[in-house]
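Engineer: Enclosed is the structure file my_file26.txt (compact mmCIF, C-alpha atoms).
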# COMPACT_ATOMS: atom_id res chain seq x y z
CA MET A 64 80.51 160.06 61.85
CA LYS A 65 82.95 162.55 63.34
CA PHE A 66 81.96 165.32 65.77
CA THR A 67 83.87 168.26 67.16
CA ASP A 68 81.24 170.07 69.22
CA ALA A 69 78.99 167.49 70.85
CA HIS A 70 79.30 166.77 74.57
CA VAL A 71 77.50 164.81 77.26
CA PRO A 72 77.57 166.94 80.44
CA PHE A 73 78.93 164.75 83.23
CA GLY A 74 76.01 163.62 85.38
CA LEU A 75 73.44 164.22 82.66
CA SER A 76 73.22 160.66 81.48
CA TRP A 77 71.44 158.12 83.63
CA THR A 78 69.66 154.80 83.75
CA SER A 79 66.81 153.25 85.65
CA PRO A 80 67.38 149.87 87.24
CA PHE A 81 66.92 147.03 84.76
CA THR A 82 64.42 144.39 85.86
CA ARG A 83 64.15 140.88 84.47
CA TRP A 84 61.11 140.51 82.25
CA GLN A 85 57.85 139.64 83.98
CA GLY A 86 59.33 141.30 87.07
CA PRO A 87 58.31 144.50 88.92
CA LEU A 88 58.09 146.65 85.77
CA ALA A 89 56.13 144.15 83.71
CA GLU A 90 52.89 146.14 83.92
CA VAL A 91 54.43 149.60 83.50
CA ASN A 92 54.04 151.13 80.04
CA SER A 93 57.55 152.04 78.93
CA LEU A 94 56.42 155.56 77.97
CA ASP A 95 55.06 156.08 81.49
CA LEU A 96 58.36 154.75 82.80
CA ALA A 97 60.28 157.21 80.64
CA VAL A 98 58.22 160.19 81.79
CA ASP A 99 58.62 159.24 85.46
CA VAL A 100 62.37 158.61 85.37
CA THR A 101 63.26 161.44 82.98
CA GLY A 102 61.26 164.00 84.92
CA ARG A 103 62.92 163.16 88.22
CA ALA A 104 66.37 162.84 86.65
CA LEU A 105 66.16 166.33 85.14
CA ALA A 106 64.73 167.83 88.33
CA ASP A 107 67.49 166.29 90.45
CA ARG A 108 70.10 167.68 88.06
CA GLY A 109 68.59 171.14 87.82
CA LEU A 110 67.82 171.13 84.10
CA PRO A 111 64.30 172.38 83.27
CA PRO A 112 62.75 170.30 80.45
CA GLN A 113 61.70 173.52 78.66
CA GLU A 114 65.38 174.34 78.04
CA ILE A 115 65.82 171.20 75.94
CA THR A 116 64.83 172.03 72.37
CA GLU A 117 65.37 168.68 70.61
CA TRP A 118 64.00 165.43 72.00
CA VAL A 119 64.47 161.92 70.63
CA LEU A 120 62.52 158.88 71.77
CA GLY A 121 64.41 155.63 71.40
CA CYS A 122 62.01 152.69 71.64
CA THR A 123 61.89 149.30 69.91
CA VAL A 124 58.83 147.63 71.47
CA PRO A 125 55.47 149.28 70.63
CA GLN A 126 53.45 150.49 73.61
CA GLN A 127 49.89 151.67 74.07
CA PHE A 128 49.58 155.32 72.97
CA GLY A 129 53.01 155.05 71.37
CA PHE A 130 51.73 156.49 68.09
CA TYR A 131 52.17 159.98 69.55
CA GLY A 132 55.80 159.25 70.33
CA VAL A 133 57.90 162.17 71.53
CA THR A 134 55.01 164.64 71.62
CA GLY A 135 53.30 162.72 74.40
CA VAL A 136 56.49 162.53 76.44
CA THR A 137 57.42 166.21 76.12
CA ARG A 138 53.93 167.48 76.84
CA ARG A 139 53.69 165.42 80.00
CA LEU A 140 57.07 166.76 81.12
CA GLY A 141 56.13 170.38 80.53
CA ALA A 142 58.18 170.79 77.37
CA GLY A 143 55.28 170.65 74.95
CA ASP A 144 56.71 173.32 72.65
CA HIS A 145 59.36 170.85 71.52
CA GLY A 146 59.39 167.47 69.85
CA GLY A 147 61.55 165.25 67.72
CA PRO A 148 61.76 161.84 66.07
CA TRP A 149 61.15 158.33 67.29
CA VAL A 150 64.30 156.29 66.60
CA SER A 151 64.40 152.50 66.49
CA ARG A 152 67.47 150.53 65.45
CA ALA A 153 67.02 147.33 67.43
CA CYS A 154 69.73 146.95 70.07
CA ALA A 155 71.81 149.74 68.49
CA THR A 156 69.01 152.26 69.12
CA SER A 157 70.98 154.19 71.75
CA VAL A 158 73.86 154.78 69.35
CA ALA A 159 71.45 156.01 66.69
CA VAL A 160 69.90 158.36 69.24
CA VAL A 161 73.28 159.78 70.27
CA GLU A 162 74.31 160.19 66.64
CA HIS A 163 71.14 162.13 65.83
CA LEU A 164 71.54 164.42 68.83
CA ALA A 165 75.24 165.01 68.22
CA ALA A 166 74.53 165.92 64.59
CA GLN A 167 71.87 168.42 65.66
CA VAL A 168 74.31 170.08 68.04
CA GLN A 169 77.22 169.91 65.60
CA LEU A 170 75.16 171.64 62.91
CA GLY A 171 74.16 174.39 65.31
CA ALA A 172 70.45 173.62 65.13
CA HIS A 173 70.26 173.07 68.90
CA THR A 174 72.52 173.62 71.90
CA THR A 175 70.74 171.34 74.40
CA THR A 176 69.21 168.01 73.32
CA ILE A 177 68.09 164.81 75.00
CA GLY A 178 67.60 161.17 74.16
CA VAL A 179 64.94 159.31 76.15
CA VAL A 180 65.45 155.60 75.53
CA THR A 181 62.93 153.15 76.95
CA ASP A 182 61.64 149.63 76.37
CA ARG A 183 59.54 146.91 77.99
CA THR A 184 60.12 143.38 76.77
CA SER A 185 57.59 142.07 79.30
CA ASN A 186 54.15 141.65 77.80
CA GLY A 187 55.45 142.49 74.37
CA PRO A 188 52.62 142.97 71.89
CA LEU A 189 51.12 140.17 69.86
CA MET A 190 50.84 141.62 66.38
CA LEU A 191 47.94 140.47 64.21
CA TRP A 192 47.53 141.10 60.49
CA GLY A 193 44.28 140.18 58.82
CA SER A 194 44.51 137.53 56.12
CA GLY A 195 41.54 136.41 54.08
CA ARG A 196 43.59 133.50 52.76
CA GLY A 197 44.16 131.94 56.15
CA PRO A 198 42.02 129.04 57.38
CA GLY A 199 38.73 130.59 58.39
CA GLY A 200 40.22 134.03 57.80
CA ALA A 201 42.65 133.55 60.67
CA PRO A 202 45.13 136.41 60.99
CA VAL A 203 48.88 136.19 60.61
CA SER A 204 50.48 136.72 64.02
CA GLU A 205 53.89 137.64 65.40
CA HIS A 206 55.06 137.99 68.97
CA TRP A 207 57.04 141.20 68.73
CA VAL A 208 59.64 140.25 71.37
CA LEU A 209 59.97 136.47 71.22
CA ASP A 210 59.72 135.62 67.53
CA PRO A 211 62.72 137.72 66.38
CA MET A 212 64.92 135.92 68.91
CA ARG A 213 64.05 132.60 67.35
CA LEU A 214 64.36 133.52 63.69
CA ASP A 215 66.10 136.00 61.42
CA PRO A 216 63.98 135.68 58.26
CA THR A 217 66.99 136.46 56.05
CA THR A 218 69.10 133.59 57.41
CA GLY A 219 66.62 131.17 58.97
CA GLN A 220 68.74 131.10 62.14
CA SER A 221 68.19 132.24 65.71
CA MET A 222 70.23 134.74 67.69
CA ASN A 223 71.69 131.89 69.74
CA ASP A 224 72.79 130.32 66.47
CA THR A 225 74.83 133.45 65.66
CA ALA A 226 76.76 133.02 68.91
CA GLU A 227 77.40 129.36 68.25
CA ASN A 228 78.47 130.10 64.67
CA THR A 229 80.98 132.66 65.91
CA ALA A 230 82.27 130.41 68.68
CA ARG A 231 82.68 127.52 66.24
CA ASP A 232 84.47 129.73 63.72
CA ALA A 233 86.89 131.01 66.37
CA GLY A 234 87.32 127.69 68.15
CA TYR A 235 86.11 128.92 71.54
CA THR A 236 85.59 126.34 74.24
CA ARG A 237 82.83 126.08 76.82
CA GLU A 238 85.43 126.93 79.49
CA GLN A 239 86.42 130.19 77.75
CA VAL A 240 82.81 131.27 77.41
CA ASP A 241 82.05 130.53 81.06
CA GLU A 242 85.17 132.38 82.22
CA VAL A 243 84.00 135.57 80.52
CA ALA A 244 80.51 135.23 81.98
CA LEU A 245 81.97 134.83 85.48
CA LEU A 246 84.31 137.79 84.99
CA ARG A 247 81.43 140.06 83.99
CA TYR A 248 79.42 138.94 87.03
CA GLU A 249 82.34 139.61 89.37
CA GLN A 250 82.77 143.08 87.83
CA TYR A 251 79.09 143.75 88.36
CA ARG A 252 79.34 142.65 91.98
CA SER A 253 82.21 145.06 92.53
CA ALA A 254 79.93 147.92 91.43
CA LEU A 255 77.57 147.05 94.30
CA ALA A 256 80.17 147.75 96.98
CA ASP A 257 79.64 150.49 99.60
CA ASP A 258 75.86 150.36 99.29
CA ARG A 259 76.02 150.51 95.50
CA ALA A 260 78.01 153.76 95.53
CA VAL A 261 79.00 153.37 91.87
CA GLN A 262 75.49 152.69 90.61
CA ARG A 263 73.83 155.29 92.81
CA ALA A 264 75.81 157.98 91.01
CA TYR A 265 73.90 157.38 87.77
CA MET A 266 70.88 155.19 88.58
CA VAL A 267 67.44 156.78 88.99
CA PRO A 268 64.87 154.76 90.99
CA VAL A 269 61.55 153.87 89.40
CA ARG A 270 58.19 154.69 90.97
CA VAL A 271 55.67 151.90 90.37
CA PRO A 272 51.98 152.74 90.94
CA THR A 273 50.08 150.12 92.94
CA ARG A 274 46.58 149.74 94.33
CA ARG A 275 47.92 150.78 97.71
CA GLY A 276 49.81 153.80 96.43
CA GLU A 277 53.29 153.29 95.05
CA GLU A 278 56.38 151.16 95.37
CA TRP A 279 59.96 151.93 94.39
CA VAL A 280 62.46 149.89 92.40
CA SER A 281 65.89 151.25 93.25
CA GLU A 282 68.21 148.52 91.99
CA ASP A 283 68.46 145.89 89.28
CA HIS A 284 66.04 143.01 89.72
CA GLY A 285 66.56 139.41 88.66
CA VAL A 286 70.36 139.17 88.58
CA HIS A 287 71.19 135.60 89.50
CA PRO A 288 74.22 134.75 91.64
CA THR A 289 76.89 133.23 89.43
CA THR A 290 79.72 130.85 90.28
CA ALA A 291 82.14 128.78 88.24
CA ASP A 292 80.53 125.55 89.48
CA GLY A 293 77.05 126.86 88.75
CA LEU A 294 77.98 127.81 85.20
CA ALA A 295 79.65 124.45 84.62
CA ARG A 296 76.46 122.60 85.60
CA LEU A 297 74.29 124.36 83.01
CA ARG A 298 73.40 122.63 79.78
CA PRO A 299 74.12 124.41 76.51
CA VAL A 300 71.10 125.89 74.75
CA ALA A 301 71.99 124.06 71.53
CA PRO A 302 73.10 120.40 71.49
CA ASP A 303 76.91 120.23 71.42
CA GLY A 304 77.03 124.04 71.81
CA VAL A 305 79.11 126.20 74.16
CA VAL A 306 76.51 128.88 75.07
CA THR A 307 74.31 128.32 78.13
CA HIS A 308 71.67 130.55 79.66
CA GLY A 309 74.38 131.62 82.11
CA ALA A 310 76.55 132.97 79.30
CA GLN A 311 73.86 135.00 77.57
CA THR A 312 71.69 137.92 78.57
CA HIS A 313 68.01 137.91 79.54
CA PRO A 314 65.15 140.17 78.36
CA ALA A 315 64.47 143.07 80.71
CA ASP A 316 62.53 146.29 81.24
CA GLY A 317 64.06 149.71 81.81
CA CYS A 318 64.90 153.13 80.47
CA ALA A 319 67.84 155.51 80.23
CA GLY A 320 68.55 159.07 79.21
CA VAL A 321 71.39 161.13 77.79
CA VAL A 322 71.75 164.87 77.25
CA VAL A 323 73.97 166.04 74.39
CA ALA A 324 74.93 169.71 74.25
CA SER A 325 77.44 172.12 72.77
CA ALA A 326 80.78 172.44 74.54
CA ALA A 327 79.91 175.71 76.24
CA ARG A 328 76.48 174.54 77.34
CA ALA A 329 77.80 171.18 78.51
CA ARG A 330 80.39 172.85 80.72
CA GLU A 331 77.58 174.87 82.31
CA LEU A 332 75.51 171.75 82.95
CA GLY A 333 78.17 169.17 83.75
CA ARG A 334 79.06 168.31 87.30
CA ASP A 335 82.14 170.42 88.16
CA GLY A 336 82.18 171.55 84.54
CA VAL A 337 83.21 168.09 83.33
CA THR A 338 82.01 166.79 79.97
CA ALA A 339 82.31 163.67 77.86
CA GLN A 340 82.99 164.74 74.29
CA VAL A 341 81.35 162.58 71.65
CA LEU A 342 84.18 162.09 69.18
CA ALA A 343 82.49 159.76 66.70
CA THR A 344 79.88 157.11 66.06
CA GLY A 345 79.97 154.14 63.72
CA PHE A 346 77.74 151.36 62.40
CA ALA A 347 78.60 148.13 60.58
CA ARG A 348 77.34 144.66 59.75
CA ALA A 349 78.95 141.24 59.96
CA ALA A 350 78.44 138.24 57.69
CA PRO A 351 74.93 136.78 57.88
CA ALA A 352 74.31 134.82 61.10
CA TYR A 353 77.50 136.07 62.80
CA MET A 354 76.03 138.86 64.94
CA PRO A 355 78.68 138.75 67.73
CA LYS A 356 81.32 139.77 65.19
CA ALA A 357 79.59 143.03 64.20
CA PRO A 358 80.77 145.21 67.14
CA VAL A 359 84.36 145.03 65.89
CA PRO A 360 83.88 146.71 62.47
CA ALA A 361 81.44 149.20 64.04
CA ALA A 362 84.09 150.09 66.61
CA MET A 363 86.77 150.40 63.95
CA ARG A 364 84.65 152.82 61.93
CA ALA A 365 83.97 154.98 64.96
CA LEU A 366 87.62 154.88 66.03
CA ALA A 367 88.83 155.80 62.55
CA ASP A 368 86.52 158.82 62.40
CA ALA A 369 87.62 159.85 65.88
CA GLY A 370 91.31 159.51 65.00
CA VAL A 371 91.79 157.08 67.88
CA GLU A 372 93.63 153.76 67.96
CA VAL A 373 92.60 150.77 70.05
CA ALA A 374 95.83 151.25 72.01
CA ASP A 375 94.63 154.74 72.99
CA LEU A 376 91.49 153.41 74.71
CA ASP A 377 91.36 153.41 78.48
CA VAL A 378 87.97 151.69 78.95
CA VAL A 379 85.60 149.75 76.69
CA THR A 380 81.99 148.86 77.46
CA THR A 381 79.93 146.50 75.36
CA HIS A 382 76.43 145.27 74.84
CA ASN A 383 77.24 141.59 74.93
CA PRO A 384 74.13 139.42 74.73
CA PHE A 385 76.59 136.53 74.57
CA ALA A 386 79.95 136.10 76.28
CA VAL A 387 81.17 135.15 72.82
CA ASN A 388 80.91 138.82 71.81
CA ASP A 389 83.63 139.90 74.21
CA LEU A 390 85.89 136.97 73.36
CA TRP A 391 85.74 137.94 69.69
CA PHE A 392 86.31 141.64 70.39
CA ALA A 393 89.36 140.94 72.57
CA GLU A 394 90.82 138.51 70.07
CA GLN A 395 90.36 140.80 67.09
CA THR A 396 91.50 144.05 68.74
CA GLY A 397 93.97 142.92 71.38
CA PHE A 398 92.05 144.85 74.04
CA ALA A 399 92.17 143.05 77.38
CA LEU A 400 88.97 141.41 78.59
CA GLU A 401 89.66 142.74 82.10
CA GLN A 402 89.60 146.37 80.87
CA MET A 403 86.14 145.93 79.42
CA ASN A 404 82.87 146.48 81.31
CA PRO A 405 84.29 147.45 84.74
CA TYR A 406 80.78 147.72 86.20
CA GLY A 407 79.38 144.60 84.55
CA SER A 408 77.32 144.53 81.39
CA SER A 409 74.04 143.52 79.80
CA LEU A 410 75.25 139.92 79.95
CA VAL A 411 74.57 140.19 83.69
CA TYR A 412 71.93 142.84 84.33
CA GLY A 413 69.75 142.17 81.32
CA HIS A 414 68.75 143.71 78.04
CA PRO A 415 65.66 145.89 77.56
CA GLN A 416 66.84 146.46 73.95
CA GLY A 417 66.79 150.20 73.23
CA PRO A 418 68.11 151.52 76.58
CA THR A 419 70.92 149.01 76.95
CA GLY A 420 73.45 151.02 74.97
CA ALA A 421 72.64 154.25 76.83
CA ARG A 422 73.28 152.50 80.15
CA ALA A 423 76.58 151.11 78.89
CA LEU A 424 77.57 154.56 77.61
CA THR A 425 76.70 156.10 80.98
CA GLU A 426 78.77 153.48 82.78
CA LEU A 427 81.64 154.15 80.37
CA ILE A 428 81.57 157.87 81.13
CA HIS A 429 81.54 157.27 84.88
CA ALA A 430 84.36 154.73 84.65
CA LEU A 431 86.48 157.21 82.70
CA HIS A 432 85.73 159.98 85.18
CA ALA A 433 86.64 157.69 88.10
CA ARG A 434 90.11 157.22 86.66
CA GLY A 435 90.61 160.96 86.15
CA GLY A 436 89.54 161.12 82.52
CA GLY A 437 90.47 159.35 79.33
CA THR A 438 89.16 157.93 76.08
CA GLY A 439 86.58 155.20 75.86
CA LEU A 440 84.51 153.14 73.47
CA PHE A 441 81.05 151.64 73.67
CA THR A 442 80.18 149.04 71.07
CA GLY A 443 77.35 146.53 70.86
CA CYS A 444 75.64 144.22 68.43
CA ALA A 445 72.08 144.39 67.15
CA ALA A 446 69.59 142.36 65.16
CA GLY A 447 70.45 141.70 61.53
CA ASP A 448 74.13 141.05 62.31
CA SER A 449 74.68 144.77 62.80
CA ALA A 450 76.24 146.93 65.51
CA GLY A 451 76.77 150.50 66.65
CA ALA A 452 79.64 152.20 68.46
CA VAL A 453 80.42 155.52 70.17
CA VAL A 454 83.82 156.98 71.06
CA VAL A 455 83.98 159.52 73.90
CA ARG A 456 86.68 161.46 75.74
CA VAL A 457 86.18 162.59 79.33
CA ASP A 458 88.21 165.64 80.28
CA GLY A 459 88.51 165.01 83.98
Produce structure tokens that represent the structure in this file.

Structural biologist:
Amino acid sequence: MKFTDAHVPFGLSWTSPFTRWQGPLAEVNSLDLAVDVTGRALADRGLPPQEITEWVLGCTVPQQFGFYGVTGVTRRLGAGDHGGPWVSRACATSVAVVEHLAAQVQLGAHTTTIGVVTDRTSNGPLMLWGSGRGPGGAPVSEHWVLDPMRLDPTTGQSMNDTAENTARDAGYTREQVDEVALLRYEQYRSALADDRAVQRAYMVPVRVPTRRGEEWVSEDHGVHPTTADGLARLRPVAPDGVVTHGAQTHPADGCAGVVVASAARARELGRDGVTAQVLATGFARAAPAYMPKAPVPAAMRALADAGVEVADLDVVTTHNPFAVNDLWFAEQTGFALEQMNPYGSSLVYGHPQGPTGARALTELIHALHARGGGTGLFTGCAAGDSAGAVVVRVDG
């Protein structure tokens, strides 16, 4: 979908730290997390919540009191006159949120909108459905977070299987997969230099209530040190496979936010008047059980609508639950692996599902701004062998 008047004001997209599941955010309801982080992010940036007239909640893991969706979030933030939809599109949720907001602005329905994207994979709900036909009336159950990782009911294969299928089809070796994983870790480490100067520009600390008061989580939690030797020692997840736990992401908890506004409003709000114009979004699907391939056609759709060629891109960020994703993207597009994910990626810092794309988009915007502007792409896969993509241009 093409847009001509939808902009992210520079500085008005952010992310919380991502924490490995069962870590410091395991007991924090993701809606509470969203209210806490969004409220402080807007206050620090000088944007009153009441001035935002369209809100979208992006969330894929049900939470207690989640039925009330956006209305609960806006009322708690003092913007109770406004609401909006709850959007869930698996790991492409952030792209769907941005597309909805950009369309609202493009159509002139709103000038200042926000996407609040939050998820907690820790303590994911155990869903129970009553069944009189079960032994003793036992209910049918599903673990909302874990079971989908193990099985796509349309293919009978796991998400790890999709990575192995793609690697086998392309002929990737274990060494190639490990090299990408190590590269992404080294890029992430570079973003921690100078007391995390890069991350501190867009990361909002999380306040965690405790019995003794409160604690703060100010940086990613659960990122394991990675070396070539360490990766080489890991066993593949599947027998005779090439994907190890070191070359795939881990479940996480976190939230992110993004404001989308008209050009005039975005220039008012953006740091030094800088904006990131949303040029286009795109969605696509790959062949069944080949999820890592889906980001390529999604990217091509977004690029076509934006009128941008791969050669015109300055930076690409990806949601890459498997290192295989980036190998396939580079091979199919010719875009250099080294120009992708300059601040690391979900392969390293984890994947809380909905917010992952918003963090990658935020990092893309900051990377483009750091180089003086340019054109960038975020693309990432999602359940069901699907993917979403966003093309942006930063003006300075």

Engineer: What gap, in Å, lies between CA of Asp316 in chain A and CA of His163 in chain A?

Structural biologist: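 Between CA of Asp316 in chain A and CA of His163 in chain A the gap works out to 23.7 Å.
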
Engineer: Of the candidates A:Phe398, A:Tyr265, A:Tyr251, A:Phe392, which one gets nearest to Gly74 in chain A if we count all atoms listed in the file?

Structural biologist: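 Nearest to Gly74 in chain A: A:Tyr265.
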
Engineer: Skipping near chain neighbours, those fewer than 5 positions away, what residues fall within 8 Å of Gly132 in chain A using only C-alpha atoms, listed as JSON, numbers by chain?

Structural biologist: {"A": [120, 148, 149]}

Engineer: Would you mind listing what lies within 6 Å of range 168-174 of chain A as a list in words, with all atoms listed in the file counted and same-chain residues fewer than 4 positions away left out?

Structural biologist: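 Counting only the stated atoms, we get Asp68, Ala324 and Ser325 of chain A.
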
Engineer: Taking only C-alpha atoms into account, which of A:Ala159, A:Ile428, A:Ala301, A:Val306 comes nearest Asp458 in chain A?

Structural biologist: A:Ile428

Engineer: Scan for residues within 10 Å of the point (78.4, 154.1, 82.3) in the coordinates of the file, using all atoms listed in the file, and reply as a PyMOL selection string.

Structural biologist: chain A and resi 76-78+261-262+264-266+380+404-408+420-432+441

Engineer: Create the file for the chosen residues now, containing C-alpha atoms and written as a PDB file, keeping the file's coordinate frame.

Structural biologist:
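Everything below was put into again13.pdb:
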ATOM      1  CA  SER A  76      73.220 160.660  81.480  1.00  0.00           C
ATOM      2  CA  TRP A  77      71.440 158.120  83.630  1.00  0.00           C
ATOM      3  CA  THR A  78      69.660 154.800  83.750  1.00  0.00           C
ATOM      4  CA  VAL A 261      79.000 153.370  91.870  1.00  0.00           C
ATOM      5  CA  GLN A 262      75.490 152.690  90.610  1.00  0.00           C
ATOM      6  CA  ALA A 264      75.810 157.980  91.010  1.00  0.00           C
ATOM      7  CA  TYR A 265      73.900 157.380  87.770  1.00  0.00           C
ATOM      8  CA  MET A 266      70.880 155.190  88.580  1.00  0.00           C
ATOM      9  CA  THR A 380      81.990 148.860  77.460  1.00  0.00           C
ATOM     10  CA  ASN A 404      82.870 146.480  81.310  1.00  0.00           C
ATOM     11  CA  PRO A 405      84.290 147.450  84.740  1.00  0.00           C
ATOM     12  CA  TYR A 406      80.780 147.720  86.200  1.00  0.00           C
ATOM     13  CA  GLY A 407      79.380 144.600  84.550  1.00  0.00           C
ATOM     14  CA  SER A 408      77.320 144.530  81.390  1.00  0.00           C
ATOM     15  CA  GLY A 420      73.450 151.020  74.970  1.00  0.00           C
ATOM     16  CA  ALA A 421      72.640 154.250  76.830  1.00  0.00           C
ATOM     17  CA  ARG A 422      73.280 152.500  80.150  1.00  0.00           C
ATOM     18  CA  ALA A 423      76.580 151.110  78.890  1.00  0.00           C
ATOM     19  CA  LEU A 424      77.570 154.560  77.610  1.00  0.00           C
ATOM     20  CA  THR A 425      76.700 156.100  80.980  1.00  0.00           C
ATOM     21  CA  GLU A 426      78.770 153.480  82.780  1.00  0.00           C
ATOM     22  CA  LEU A 427      81.640 154.150  80.370  1.00  0.00           C
ATOM     23  CA  ILE A 428      81.570 157.870  81.130  1.00  0.00           C
ATOM     24  CA  HIS A 429      81.540 157.270  84.880  1.00  0.00           C
ATOM     25  CA  ALA A 430      84.360 154.730  84.650  1.00  0.00           C
ATOM     26  CA  LEU A 431      86.480 157.210  82.700  1.00  0.00           C
ATOM     27  CA  HIS A 432      85.730 159.980  85.180  1.00  0.00           C
ATOM     28  CA  PHE A 441      81.050 151.640  73.670  1.00  0.00           C
TER      29      PHE A 441
END

Engineer: Which residues of range 368-445 of chain A come within 9 Å of range 152-157 of chain A, and what is each one's closest atom pair and distance in Å (one decimal), counting all atoms listed in the file, sorted by chain and residue number, as a Markdown table?

Structural biologist:
| residue | atom | partner | partner_atom | distance |
| --- | --- | --- | --- | --- |
| A:His382 | CA | A:Cys154 | CA | 8.4 |
| A:His414 | CA | A:Cys154 | CA | 8.7 |
| A:Pro415 | CA | A:Cys154 | CA | 8.6 |
| A:Gln416 | CA | A:Cys154 | CA | 4.9 |
| A:Gly417 | CA | A:Thr156 | CA | 5.1 |
| A:Pro418 | CA | A:Ser157 | CA | 6.2 |
| A:Thr419 | CA | A:Cys154 | CA | 7.3 |
| A:Gly420 | CA | A:Ser157 | CA | 5.1 |
| A:Ala421 | CA | A:Ser157 | CA | 5.3 |
| A:Arg422 | CA | A:Ser157 | CA | 8.9 |
| A:Leu424 | CA | A:Ser157 | CA | 8.8 |
| A:Thr442 | CA | A:Ala155 | CA | 8.8 |
| A:Gly443 | CA | A:Ala155 | CA | 6.8 |
| A:Cys444 | CA | A:Cys154 | CA | 6.7 |
| A:Ala445 | CA | A:Cys154 | CA | 4.5 |

Engineer: Would you put the residues from that selection into a file with C-alpha atoms, as a compact mmCIF listing (two decimals), in the frame of the given file?

Structural biologist:
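Just written: result36.txt:
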# COMPACT_ATOMS: atom_id res chain seq x y z
CA HIS A 382 76.43 145.27 74.84
CA HIS A 414 68.75 143.71 78.04
CA PRO A 415 65.66 145.89 77.56
CA GLN A 416 66.84 146.46 73.95
CA GLY A 417 66.79 150.20 73.23
CA PRO A 418 68.11 151.52 76.58
CA THR A 419 70.92 149.01 76.95
CA GLY A 420 73.45 151.02 74.97
CA ALA A 421 72.64 154.25 76.83
CA ARG A 422 73.28 152.50 80.15
CA LEU A 424 77.57 154.56 77.61
CA THR A 442 80.18 149.04 71.07
CA GLY A 443 77.35 146.53 70.86
CA CYS A 444 75.64 144.22 68.43
CA ALA A 445 72.08 144.39 67.15

Engineer: Using only C-alpha atoms, which of the listed residues (A:Thr381, A:Ser204, A:Asn223, A:Thr181) sits closest to Gln126 in chain A?

Structural biologist: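 Comparing A:Thr381, A:Ser204, A:Asn223, A:Thr181 against Gln126 in chain A, the winner is A:Thr181.
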
Engineer: From the set A:Ala450, A:Ala339, A:Leu294, A:Val240, which residue has the shortest atom-to-atom contact distance to Thr67 in chain A, counting all atoms listed in the file?

Structural biologist: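 Ranked by minimum distance to Thr67 in chain A, first place goes to A:Ala339.
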
Engineer: For range 332-342 of chain A, take all atoms listed in the file, fit an axis-aligned box around them, add 4 Å to each of the six sides, then output centre and edge lengths in Å rounded to one decimal, as lines of an AutoDock Vina configuration file.

Structural biologist:
center_x = 79.8
center_y = 166.9
center_z = 78.7
size_x = 16.7
size_y = 17.7
size_z = 27.0

Engineer: Could you state the separation of CA of Phe66 in chain A and CA of Leu105 in chain A in Å, given to one decimal place?

Structural biologist: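 Going from CA of Phe66 in chain A over to CA of Leu105 in chain A, I get 25.0 Å.
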
Engineer: Let me make sure I understand: among A:Ala393, A:Ala350, A:Leu140, A:Ala343, which one has the smallest atom-to-atom distance to Val371 in chain A if we use only C-alpha atoms?

Structural biologist: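 Looking at the shortest contact to Val371 in chain A, the residue is A:Ala343.
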
Engineer: Using Å and a single decimal, report how far CA of Val323 in chain A sits from CA of Ile177 in chain A.

Structural biologist: 6.0 Å

Engineer: Which residues come within 12 Å of Met354 in chain A, counting all atoms listed in the file, excluding same-chain residues fewer than 5 positions away, as JSON, numbers by chain?

Structural biologist: {"A": [154, 215, 218, 220, 221, 222, 223, 224, 225, 226, 227, 228, 229, 230, 347, 348, 349, 359, 360, 361, 382, 383, 384, 385, 387, 388, 391, 392, 443, 444, 445, 446, 447, 448, 449, 450, 451]}

Engineer: Taking C-alpha atoms for each residue, export the selection above as a short mmCIF file (atom, residue, chain, number, x, y, z; two decimals), in the coordinates of the input.

Structural biologist:
data_model
loop_
_atom_site.label_atom_id
_atom_site.label_comp_id
_atom_site.auth_asym_id
_atom_site.auth_seq_id
_atom_site.Cartn_x
_atom_site.Cartn_y
_atom_site.Cartn_z
CA CYS A 154 69.73 146.95 70.07
CA ASP A 215 66.10 136.00 61.42
CA THR A 218 69.10 133.59 57.41
CA GLN A 220 68.74 131.10 62.14
CA SER A 221 68.19 132.24 65.71
CA MET A 222 70.23 134.74 67.69
CA ASN A 223 71.69 131.89 69.74
CA ASP A 224 72.79 130.32 66.47
CA THR A 225 74.83 133.45 65.66
CA ALA A 226 76.76 133.02 68.91
CA GLU A 227 77.40 129.36 68.25
CA ASN A 228 78.47 130.10 64.67
CA THR A 229 80.98 132.66 65.91
CA ALA A 230 82.27 130.41 68.68
CA ALA A 347 78.60 148.13 60.58
CA ARG A 348 77.34 144.66 59.75
CA ALA A 349 78.95 141.24 59.96
CA VAL A 359 84.36 145.03 65.89
CA PRO A 360 83.88 146.71 62.47
CA ALA A 361 81.44 149.20 64.04
CA HIS A 382 76.43 145.27 74.84
CA ASN A 383 77.24 141.59 74.93
CA PRO A 384 74.13 139.42 74.73
CA PHE A 385 76.59 136.53 74.57
CA VAL A 387 81.17 135.15 72.82
CA ASN A 388 80.91 138.82 71.81
CA TRP A 391 85.74 137.94 69.69
CA PHE A 392 86.31 141.64 70.39
CA GLY A 443 77.35 146.53 70.86
CA CYS A 444 75.64 144.22 68.43
CA ALA A 445 72.08 144.39 67.15
CA ALA A 446 69.59 142.36 65.16
CA GLY A 447 70.45 141.70 61.53
CA ASP A 448 74.13 141.05 62.31
CA SER A 449 74.68 144.77 62.80
CA ALA A 450 76.24 146.93 65.51
CA GLY A 451 76.77 150.50 66.65
#

Engineer: With distances taken over only C-alpha atoms, which residue among A:Val71, A:Leu410, A:Ala106, A:Ala201 lies nearest Pro314 in chain A?

Structural biologist: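 Checking each of A:Val71, A:Leu410, A:Ala106, A:Ala201 against Pro314 in chain A, counting only C-alpha atoms, the winner is A:Leu410.
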